[in-house]
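The file structure_25.pdb contains PDB, C-alpha atoms and all ligand atoms:
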ATOM      1  CA  MET A  16     -13.022  19.443   0.297
ATOM      2  CA  LYS A  17      -9.385  18.563  -0.167
ATOM      3  CA  ARG A  18      -7.175  19.546   2.781
ATOM      4  CA  PRO A  19      -3.451  20.284   2.859
ATOM      5  CA  ILE A  20      -1.320  17.378   4.110
ATOM      6  CA  LEU A  21       1.299  18.064   6.794
ATOM      7  CA  TYR A  22       4.845  17.008   6.069
ATOM      8  CA  HIS A  23       7.323  15.410   8.461
ATOM      9  CA  PRO A  24       8.923  16.811  10.579
ATOM     10  CA  ASP A  25       5.917  18.506  12.211
ATOM     11  CA  PRO A  26       5.104  18.433  15.937
ATOM     12  CA  ARG A  27       1.449  17.615  15.141
ATOM     13  CA  LEU A  28       2.568  14.303  13.606
ATOM     14  CA  LYS A  29       4.151  13.290  16.942
ATOM     15  CA  LYS A  30       1.067  13.800  19.133
ATOM     16  CA  LEU A  31      -1.169  11.240  20.792
ATOM     17  CA  CYS A  32      -4.610  11.814  19.246
ATOM     18  CA  VAL A  33      -7.737  11.946  21.375
ATOM     19  CA  PRO A  34     -10.669   9.510  21.056
ATOM     20  CA  VAL A  35     -13.799  10.788  19.311
ATOM     21  CA  SER A  36     -16.675  10.925  21.788
ATOM     22  CA  ASP A  37     -19.541  11.990  19.476
ATOM     23  CA  ILE A  38     -20.061  11.116  15.859
ATOM     24  CA  THR A  39     -21.441  14.385  14.561
ATOM     25  CA  ASP A  40     -22.111  15.702  11.055
ATOM     26  CA  GLU A  41     -18.882  17.655  11.434
ATOM     27  CA  MET A  42     -17.064  14.358  12.000
ATOM     28  CA  ARG A  43     -18.673  12.804   8.903
ATOM     29  CA  LEU A  44     -17.660  15.850   6.878
ATOM     30  CA  LEU A  45     -14.114  15.468   8.164
ATOM     31  CA  ALA A  46     -14.111  11.790   7.089
ATOM     32  CA  ASP A  47     -15.337  12.799   3.592
ATOM     33  CA  ASP A  48     -12.577  15.419   3.363
ATOM     34  CA  MET A  49      -9.998  12.855   4.444
ATOM     35  CA  LEU A  50     -11.119  10.388   1.762
ATOM     36  CA  GLU A  51     -11.094  13.118  -0.891
ATOM     37  CA  THR A  52      -7.602  14.201   0.195
ATOM     38  CA  MET A  53      -6.363  10.596   0.215
ATOM     39  CA  TYR A  54      -7.754   9.723  -3.256
ATOM     40  CA  ALA A  55      -6.417  12.978  -4.738
ATOM     41  CA  ALA A  56      -2.885  12.454  -3.395
ATOM     42  CA  PRO A  57      -3.165   9.541  -4.429
ATOM     43  CA  GLY A  58      -2.754   7.321  -1.385
ATOM     44  CA  ILE A  59      -4.242   4.200   0.223
ATOM     45  CA  GLY A  60      -4.574   5.547   3.748
ATOM     46  CA  LEU A  61      -4.746   8.791   5.703
ATOM     47  CA  ALA A  62      -4.939   9.602   9.412
ATOM     48  CA  ALA A  63      -6.554  12.776  10.824
ATOM     49  CA  PRO A  64      -3.278  14.168  12.296
ATOM     50  CA  GLN A  65      -1.885  14.260   8.741
ATOM     51  CA  ILE A  66      -4.312  17.109   8.056
ATOM     52  CA  GLY A  67      -3.705  18.653  11.481
ATOM     53  CA  VAL A  68      -6.748  17.208  13.283
ATOM     54  CA  LEU A  69      -5.630  15.404  16.444
ATOM     55  CA  SER A  70      -8.600  12.986  16.642
ATOM     56  CA  ARG A  71      -8.601   9.194  16.341
ATOM     57  CA  ILE A  72      -9.934   8.841  12.784
ATOM     58  CA  ILE A  73      -8.376   7.031   9.831
ATOM     59  CA  VAL A  74      -9.505   6.342   6.278
ATOM     60  CA  MET A  75      -8.248   3.642   3.911
ATOM     61  CA  ASP A  76      -8.804   2.091   0.519
ATOM     62  CA  CYS A  77      -6.294  -0.596  -0.388
ATOM     63  CA  GLU A  78      -8.239  -1.901  -3.415
ATOM     64  CA  LYS A  79      -5.474  -2.663  -5.919
ATOM     65  CA  GLU A  80      -7.338  -3.670  -9.054
ATOM     66  CA  GLU A  81      -7.503  -0.736 -11.460
ATOM     67  CA  ASP A  82     -11.099  -1.392 -12.523
ATOM     68  CA  ALA A  83     -12.375  -2.396  -9.065
ATOM     69  CA  ASP A  84     -14.992  -0.261  -7.339
ATOM     70  CA  PRO A  85     -13.674   2.022  -4.588
ATOM     71  CA  ASN A  86     -13.695   0.310  -1.203
ATOM     72  CA  PRO A  87     -13.314   3.130   1.328
ATOM     73  CA  ILE A  88     -13.240   2.368   5.042
ATOM     74  CA  VAL A  89     -13.567   5.054   7.704
ATOM     75  CA  MET A  90     -12.513   3.989  11.207
ATOM     76  CA  ILE A  91     -13.218   6.022  14.316
ATOM     77  CA  ASN A  92     -11.303   5.086  17.491
ATOM     78  CA  PRO A  93      -9.689   2.003  15.876
ATOM     79  CA  GLU A  94      -7.961  -0.488  18.163
ATOM     80  CA  ILE A  95      -5.962  -3.582  17.252
ATOM     81  CA  THR A  96      -7.588  -6.389  19.261
ATOM     82  CA  ALA A  97      -5.449  -9.304  18.013
ATOM     83  CA  GLN A  98      -2.387  -9.805  15.841
ATOM     84  CA  SER A  99      -0.638 -12.783  14.247
ATOM     85  CA  GLU A 100       2.807 -13.922  15.292
ATOM     86  CA  GLU A 101       3.644 -14.313  11.624
ATOM     87  CA  THR A 102       5.054 -11.114  10.163
ATOM     88  CA  ASN A 103       5.134  -9.514   6.748
ATOM     89  CA  VAL A 104       7.574  -7.055   5.186
ATOM     90  CA  TYR A 105       6.215  -4.256   3.012
ATOM     91  CA  GLU A 106       7.970  -1.330   1.447
ATOM     92  CA  GLU A 107       6.018   1.496   3.084
ATOM     93  CA  GLY A 108       5.605   5.111   2.154
ATOM     94  CA  CYS A 109       3.561   7.920   3.672
ATOM     95  CA  LEU A 110       1.770  10.975   2.284
ATOM     96  CA  SER A 111       3.526  13.003   5.007
ATOM     97  CA  ILE A 112       6.949  11.742   3.848
ATOM     98  CA  PRO A 113       6.616  11.900   0.052
ATOM     99  CA  GLU A 114       9.053   9.998  -2.162
ATOM    100  CA  HIS A 115      10.703   8.116   0.690
ATOM    101  CA  TYR A 116      10.187   4.401   1.205
ATOM    102  CA  ALA A 117      11.521   1.762   3.561
ATOM    103  CA  GLU A 118      10.853  -1.880   4.395
ATOM    104  CA  VAL A 119       8.871  -2.280   7.603
ATOM    105  CA  THR A 120       8.125  -5.569   9.391
ATOM    106  CA  ARG A 121       4.701  -5.854  11.020
ATOM    107  CA  PRO A 122       2.267  -8.615  12.049
ATOM    108  CA  LYS A 123       0.865 -10.230   8.900
ATOM    109  CA  GLU A 124      -2.726 -10.304  10.161
ATOM    110  CA  VAL A 125      -4.557  -8.097  12.613
ATOM    111  CA  GLU A 126      -8.068  -7.882  13.993
ATOM    112  CA  VAL A 127      -9.330  -4.338  14.429
ATOM    113  CA  ALA A 128     -12.309  -2.962  16.352
ATOM    114  CA  TRP A 129     -13.650   0.491  15.474
ATOM    115  CA  ILE A 130     -16.763   2.668  15.260
ATOM    116  CA  ASP A 131     -18.069   3.461  11.787
ATOM    117  CA  VAL A 132     -19.488   6.823  10.628
ATOM    118  CA  ASN A 133     -22.992   5.699  11.620
ATOM    119  CA  GLY A 134     -21.852   5.025  15.176
ATOM    120  CA  VAL A 135     -21.944   1.236  14.736
ATOM    121  CA  ALA A 136     -19.239  -0.855  16.471
ATOM    122  CA  ARG A 137     -17.385  -2.999  13.933
ATOM    123  CA  LYS A 138     -14.716  -5.677  14.146
ATOM    124  CA  GLN A 139     -12.873  -7.258  11.245
ATOM    125  CA  GLY A 140      -9.689  -9.168  10.406
ATOM    126  CA  PHE A 141      -7.258  -7.788   7.840
ATOM    127  CA  ASP A 142      -4.272  -9.287   6.064
ATOM    128  CA  GLY A 143      -1.808  -8.403   3.314
ATOM    129  CA  LEU A 144      -1.671  -4.750   2.311
ATOM    130  CA  TRP A 145      -4.832  -3.917   4.318
ATOM    131  CA  ALA A 146      -3.184  -5.219   7.519
ATOM    132  CA  THR A 147      -0.023  -3.189   6.918
ATOM    133  CA  CYS A 148      -2.021  -0.077   6.037
ATOM    134  CA  VAL A 149      -4.319  -0.209   9.083
ATOM    135  CA  GLN A 150      -1.304  -0.634  11.406
ATOM    136  CA  HIS A 151       0.512   2.265   9.699
ATOM    137  CA  GLU A 152      -2.560   4.515  10.079
ATOM    138  CA  ILE A 153      -3.222   3.571  13.724
ATOM    139  CA  ASP A 154       0.460   4.344  14.417
ATOM    140  CA  HIS A 155      -0.240   7.914  13.199
ATOM    141  CA  LEU A 156      -2.890   8.275  15.929
ATOM    142  CA  ASN A 157      -0.165   7.477  18.466
ATOM    143  CA  GLY A 158       2.317   9.959  17.029
ATOM    144  CA  LYS A 159       4.317   7.257  15.299
ATOM    145  CA  LEU A 160       5.557   7.242  11.697
ATOM    146  CA  PHE A 161       6.783   4.312   9.591
ATOM    147  CA  ILE A 162      10.332   5.672   9.863
ATOM    148  CA  ASP A 163      10.123   5.057  13.623
ATOM    149  CA  HIS A 164      10.196   1.335  12.738
ATOM    150  CA  ILE A 165      13.473   1.504  10.785
ATOM    151  CA  GLY A 166      17.134   2.006  11.691
ATOM    152  CA  VAL A 167      18.181   5.299  13.224
ATOM    153  CA  MET A 168      20.651   6.106  10.413
ATOM    154  CA  LYS A 169      18.068   5.778   7.662
ATOM    155  CA  ARG A 170      15.494   7.640   9.758
ATOM    156  CA  GLN A 171      17.846  10.590  10.277
ATOM    157  CA  LEU A 172      18.760  10.640   6.594
ATOM    158  CA  ILE A 173      15.079  10.771   5.552
ATOM    159  CA  THR A 174      14.342  13.450   8.182
ATOM    160  CA  ARG A 175      17.211  15.643   6.942
ATOM    161  CA  LYS A 176      16.010  15.288   3.347
ATOM    162  CA  MET A 177      12.472  16.175   4.423
ATOM    163  CA  GLN A 178      13.729  19.271   6.309
ATOM    164  CA  LYS A 179      15.455  20.384   3.110
ATOM    165  CA  PHE A 180      12.313  19.628   1.056
ATOM    166  CA  LYS A 181      10.204  21.753   3.450
ATOM    167  CA  ARG A 182      12.699  24.636   3.326
ATOM    168  CA  GLU A 183      12.522  24.581  -0.470
ATOM    169  CA  LEU A 184       8.697  24.528  -0.374
ATOM    170  CA  ALA A 185       8.678  27.519   1.999
ATOM    171  CA  ARG A 186      11.095  29.387  -0.248
ATOM    172  CA  LYS A 187       8.886  28.741  -3.303
ATOM    173  CA  LYS A 188       5.913  30.159  -1.390
ATOM    174  CA  ASP A 189       7.897  33.325  -0.616
ATOM    175  CA  ASP A 190       8.782  33.919  -4.273
TER     176      ASP A 190
HETATM  177 ZN    ZN B   1       1.439   7.660   6.834
END
Represent the structure of the file as structure tokens.
Amino acid sequence: MKRPILYHPDPRLKKLCVPVSDITDEMRLLADDMLETMYAAPGIGLAAPQIGVLSRIIVMDCEKEEDADPNPIVMINPEITAQSEETNVYEEGCLSIPEHYAEVTRPKEVEVAWIDVNGVARKQGFDGLWATCVQHEIDHLNGKLFIDHIGVMKRQLITRKMQKFKRELARKKDD
């Protein structure tokens, strides 16, 4: 089931999310909903707080080739266990900050440990877009958005535009 995505600014997007202690059917259903919501948007990553669930779960699919098979990854309690000194700059966006983009510098490669939906501990290295995406999504679990990595002027400008966008959305709902 597709879920509504929260838009910045929202206090739920600034919260530290809690680790998942049990991987239940409810949790697997949540992961399915997150993937459905992400693909429908469309996006390449989604964190649970973006749909108002303050648990440490992220989903991603950074497969770029149009005709490639979907390559969804669900990570529960993901942790970055190593990162490269070499950095990469990507123009990032976010489903919670639609139509705004900014260049963000992050480690080029990261190693991530997580629990999969079957409760199995996994560890894998990521680079390129996958590395940027997994860092962006883990940031969400710590109440951090990509605009927290950019200059204060640009961040305030985007936040003001998003406040206006949300006011207009609310007004449309009232009509
Ligand atoms: Zn995001």
Residues matched by the PyMOL selection byres (((chain A and resi 68) around 12) and not hetatm), written as a PyMOL selection string: chain A and resi 18-21+27-28+30-35+42+45-46+48-49+61-67+69-73+155-156
Which residues of chain A have any atom within 8 Å of an atom in ligand ZN 1 (chain B) when counting only C-alpha atoms and all ligand atoms, and what is the closest pair of atoms for each, with the distance in Å to one decimal? Order the rows by chain and rising number and write it as a Markdown table.
| residue | atom | partner | partner_atom | distance |
| --- | --- | --- | --- | --- |
| A:Gly60 | CA | B:ZN1 | ZN | 7.1 |
| A:Leu61 | CA | B:ZN1 | ZN | 6.4 |
| A:Ala62 | CA | B:ZN1 | ZN | 7.1 |
| A:Gln65 | CA | B:ZN1 | ZN | 7.6 |
| A:Gly108 | CA | B:ZN1 | ZN | 6.8 |
| A:Cys109 | CA | B:ZN1 | ZN | 3.8 |
| A:Leu110 | CA | B:ZN1 | ZN | 5.6 |
| A:Ser111 | CA | B:ZN1 | ZN | 6.0 |
| A:Ile112 | CA | B:ZN1 | ZN | 7.5 |
| A:His151 | CA | B:ZN1 | ZN | 6.2 |
| A:Glu152 | CA | B:ZN1 | ZN | 6.0 |
| A:His155 | CA | B:ZN1 | ZN | 6.6 |
| A:Leu160 | CA | B:ZN1 | ZN | 6.4 |
| A:Phe161 | CA | B:ZN1 | ZN | 6.9 |
What do you get, as a count of residues only, if you spell out every residue that the PyMOL selection byres (((chain A and resi 86) around 12) and not hetatm) selects here? 19
Within 10 Å of (13.1, 10.1, 8.1), all atoms listed in the file: residues as a PyMOL selection string? chain A and resi 23-24+112+115-117+160-163+165-178
For the selection just defined, write its residues with C-alpha atoms to a file, as a short mmCIF file (atom, residue, chain, number, x, y, z; two decimals), keeping the file's coordinate frame.
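What landed in result.cif:
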data_model
loop_
_atom_site.label_atom_id
_atom_site.label_comp_id
_atom_site.auth_asym_id
_atom_site.auth_seq_id
_atom_site.Cartn_x
_atom_site.Cartn_y
_atom_site.Cartn_z
CA HIS A 23 7.32 15.41 8.46
CA PRO A 24 8.92 16.81 10.58
CA ILE A 112 6.95 11.74 3.85
CA HIS A 115 10.70 8.12 0.69
CA TYR A 116 10.19 4.40 1.20
CA ALA A 117 11.52 1.76 3.56
CA LEU A 160 5.56 7.24 11.70
CA PHE A 161 6.78 4.31 9.59
CA ILE A 162 10.33 5.67 9.86
CA ASP A 163 10.12 5.06 13.62
CA ILE A 165 13.47 1.50 10.78
CA GLY A 166 17.13 2.01 11.69
CA VAL A 167 18.18 5.30 13.22
CA MET A 168 20.65 6.11 10.41
CA LYS A 169 18.07 5.78 7.66
CA ARG A 170 15.49 7.64 9.76
CA GLN A 171 17.85 10.59 10.28
CA LEU A 172 18.76 10.64 6.59
CA ILE A 173 15.08 10.77 5.55
CA THR A 174 14.34 13.45 8.18
CA ARG A 175 17.21 15.64 6.94
CA LYS A 176 16.01 15.29 3.35
CA MET A 177 12.47 16.18 4.42
CA GLN A 178 13.73 19.27 6.31
#
Going by the chain IDs and residue numbers used in this file, which residues fall under the PyMOL selection byres (((chain A and resi 132) around 9) and not hetatm)? Write them as a short mmCIF file (atom, residue, chain, number, x, y, z; two decimals) with C-alpha atoms, keeping the file's coordinate frame.
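part_6.cif, freshly written:
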data_model
loop_
_atom_site.label_atom_id
_atom_site.label_comp_id
_atom_site.auth_asym_id
_atom_site.auth_seq_id
_atom_site.Cartn_x
_atom_site.Cartn_y
_atom_site.Cartn_z
CA ILE A 38 -20.06 11.12 15.86
CA THR A 39 -21.44 14.38 14.56
CA MET A 42 -17.06 14.36 12.00
CA ARG A 43 -18.67 12.80 8.90
CA ALA A 46 -14.11 11.79 7.09
CA VAL A 89 -13.57 5.05 7.70
CA MET A 90 -12.51 3.99 11.21
CA ILE A 91 -13.22 6.02 14.32
CA ILE A 130 -16.76 2.67 15.26
CA ASP A 131 -18.07 3.46 11.79
CA ASN A 133 -22.99 5.70 11.62
CA GLY A 134 -21.85 5.03 15.18
CA VAL A 135 -21.94 1.24 14.74
#
Given only C-alpha atoms as the counted atoms, nearest of A:Asp25, A:Met16, A:Thr96, A:Ala55 to Ala128 (chain A):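 Residue with the minimum atom-to-atom distance to Ala128 (chain A): A:Thr96.
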Atom pair CA of Trp129 (chain A) / CA of Ala56 (chain A): separation (Å): 24.8 Å
